[in-house]
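To start, the structure under review is shown below, and the notes come after it.
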Amino acid sequence: MKNHEKIIREHFICPICRCSMAVTDDGKSVKCSGENPKNKRHSFDFSADGYLSFGVTGGDSKEAVAARRSFLRSTPNYKLAAEAIFHTVKRYVPDCKLLVDAGCGEGYYTSILADMSESTVGFDLSKFACSAGAKQAKKDGKNDLLLATASVFELPLADGCADAVTNIFAPCAEEEYNRVLKDGGYLFVVGAGKEHLMGLKKAIYDDVYENGQRADLPKNMEHIDCVISHYSMNISGRENIAALFSMTPYYWRTSEADKQKLASLESLETEIEFEINVYKK
């Protein structure tokens, strides 16, 4: 908890009045200084699992988080891509004091990135995702990693506090990320490359196209690099195939008839292609 106290005291601000924040004496919540026009101290609680709740709702369901967690942590399929992200961030920010993972999900990548930063904070809308991530961080002894429920478009962080912001398969809020980054800080936007999950798509659809460039890439920050992590993987077992499919946007816009094509497969070979775009403030 002492590590979290330092992170909150040095970097967090109240999402309501923008005042500084601190952990309460009992360690169960955080309160702002109350140095606002109404002289009111706003309070937010830690969950029993250890994540900090700012009262937002939405994001992934409990079932979706469980499927994602099972696939990412029980198989090595995304390990190479995760390592590519880690080494890219490490190359540009070798002495990272604070890393912010915006849209962290259940914390798979956040936990890996925490190994190269003095302090790491992950934000996600889903309380189920933050709960799973906080439990895992505690189990792994990662005391410098704090997870909190918050929108990536309204981060409860002070201006210019972060050395690096990672945005991995989550909405890119350029203006907000630029605000919380220090001058000279780096933003890493990770999304699907052209051939990402091509084998999965071919197993479902008759007409398959390469992925286009995402529309929400930053427009006003300096783009300095694009790193591609590309490889093929073989997924064994219906449960793992179903878990991977549930992690994709295709899950929500695929007919039941096409979903059944996957349900009959015992193994699936598909391409993995992560595109890591690097921006500098």
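In the structure tokens, chains take the letters A, B, ... in the order shown, each chain's residues start at 1, and ligands count up from 1 in the order shown.
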
Practice problem: Using only C-alpha atoms, determine which residues lie at most 6 Å from Lys280 in chain A, disregarding the query and same-chain residues fewer than 2 positions distant; provide the list as a ChimeraX atom specification. | Solution: /A:185-186,222

Quiz item: Do you know which residues are at most 10 Å from Gly212 in chain A counting only C-alpha atoms, after dropping those on the same chain fewer than 2 positions away, and could you put them as an MDAnalysis selection string?
Solution: chainID A and resid 192:195 209:210 214:215

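Of the residues under consideration (A:Gln136, A:Ser70, A:Asn240, A:Thr166), A:Thr166 shows the shortest atom-to-atom contact distance to Val93 in chain A when counting only C-alpha atoms.
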
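Nearest-residue note for Leu145 in chain A: choosing from A:Tyr109, A:Phe245, A:Phe274, A:Tyr251, the minimum distance belongs to A:Tyr109, counting only C-alpha atoms.
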
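Ranking A:Leu157, A:Leu72, A:Cys17, A:Cys104 by their shortest atom-to-atom distance to Gly133 in chain A, with only C-alpha atoms included, puts A:Cys104 first.
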
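The protein and nucleic acid residues lying at most 12 Å from Ala243 in chain A are Glu63, Ala64, Val65, Ala66, Ala67, Arg68, Arg69, Ser70, Phe71, Leu72, Arg73, Ser74, Thr75, Ile235, Ser236, Gly237, Arg238, Glu239, Asn240, Ile241, Phe245, Ser246, Met247, Thr248, Tyr251, Leu262 and Ala263 of chain A, with only C-alpha atoms considered and sequence neighbours fewer than 2 positions away removed.
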
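The space between CA of Ile85 in chain A and CA of Lys127 in chain A spans 24.7 Å.
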
Self-check item: All alpha helix (DSSP H) positions in range 154-206 of chain A, as an MDAnalysis selection string
Solution: chainID A and resid 174:180 198:204

Quiz item: So, counting only C-alpha atoms, which residue among A:Tyr78, A:Tyr92, A:Val100, A:Glu275 is closest to Gly184 in chain A?
Solution: A:Tyr92

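Closest approach to Ser117 in chain A from the set A:Asn143, A:Gln260, A:Ser151, A:Asn234 is made by A:Asn143, with distances taken over only C-alpha atoms.
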
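Using only C-alpha atoms, the nearest neighbour of Cys172 in chain A within the list A:Leu197, A:Ala102, A:Leu155, A:Ile228 is A:Ala102.
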
Practice problem: Skip range 80-82 of chain A itself and residues of its chain fewer than 4 positions away, then list as a PyMOL selection string all residues within 8 Å of it, counting only C-alpha atoms. | Solution: chain A and resi 86+109+112+229-230+273-274

Would you write out those residues with N, CA and C atoms, as a PDB file, in the first residue's frame?
ATOM      1  N   PHE A  86       7.125  -4.509 -24.952  1.00  0.00           N
ATOM      2  CA  PHE A  86       8.022  -4.225 -23.828  1.00  0.00           C
ATOM      3  C   PHE A  86       9.334  -3.628 -24.317  1.00  0.00           C
ATOM      4  N   TYR A 109      -0.709  -7.022 -20.330  1.00  0.00           N
ATOM      5  CA  TYR A 109       0.417  -6.234 -20.818  1.00  0.00           C
ATOM      6  C   TYR A 109       0.928  -5.282 -19.736  1.00  0.00           C
ATOM      7  N   ILE A 112       3.447  -6.921 -17.488  1.00  0.00           N
ATOM      8  CA  ILE A 112       4.742  -7.100 -18.152  1.00  0.00           C
ATOM      9  C   ILE A 112       5.489  -5.778 -18.218  1.00  0.00           C
ATOM     10  N   SER A 229       5.211  -6.471 -35.092  1.00  0.00           N
ATOM     11  CA  SER A 229       5.464  -7.815 -34.562  1.00  0.00           C
ATOM     12  C   SER A 229       4.555  -8.765 -35.325  1.00  0.00           C
ATOM     13  N   HIS A 230       5.155  -9.654 -36.144  1.00  0.00           N
ATOM     14  CA  HIS A 230       4.372 -10.524 -37.025  1.00  0.00           C
ATOM     15  C   HIS A 230       4.868 -11.962 -36.914  1.00  0.00           C
ATOM     16  N   GLU A 273      -0.304 -10.094 -35.921  1.00  0.00           N
ATOM     17  CA  GLU A 273       0.450  -8.924 -36.361  1.00  0.00           C
ATOM     18  C   GLU A 273       0.047  -7.704 -35.533  1.00  0.00           C
ATOM     19  N   PHE A 274       0.933  -7.299 -34.641  1.00  0.00           N
ATOM     20  CA  PHE A 274       0.733  -6.101 -33.829  1.00  0.00           C
ATOM     21  C   PHE A 274       1.489  -4.944 -34.473  1.00  0.00           C
TER      22      PHE A 274
END

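By chain and then residue number, the residues within 12 Å of Asn3 in chain A are Ile8, Arg9, Glu10, Val23, Gly27, Glu118, Ser119, Thr120, Val121, Gly141, Lys142, Asn143, Asp144, Leu145 and Leu146 of chain A, counting only C-alpha atoms and disregarding those fewer than 5 positions away in sequence.
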
Practice problem: Give me the residues within 6 Å of range 41-53 of chain A as a list in words, counting only C-alpha atoms and dropping any in the same chain fewer than 5 places off. | Solution: Lys28, Ser29, Val30, Lys31, Cys32, Gly34, Ser131, Ala134, Lys135, Leu147, Ala148 and Thr149 of chain A

Could you build a table of the residues in range 165-224 of chain A lying no more than 12 Å from range 122-126 of chain A, giving for each the nearest pair of atoms and their separation in Å rounded to one decimal place, using only C-alpha atoms, ordered by chain and ascending residue number, as a tab-separated table?
residue	atom	partner	partner_atom	distance
A:Val165	CA	A:Gly122	CA	9.8
A:Thr166	CA	A:Gly122	CA	9.3
A:Asn167	CA	A:Gly122	CA	10.1
A:Ile168	CA	A:Gly122	CA	11.2
A:Phe169	CA	A:Asp124	CA	11.9
A:Ala170	CA	A:Asp124	CA	9.3
A:Pro171	CA	A:Asp124	CA	10.7

Self-check item: Neighbour list for Ala173 in chain A as a PyMOL selection string, cut-off 8 Å, only C-alpha atoms, skip fewer than 4 positions in-chain
Solution: chain A and resi 152-153+177+216
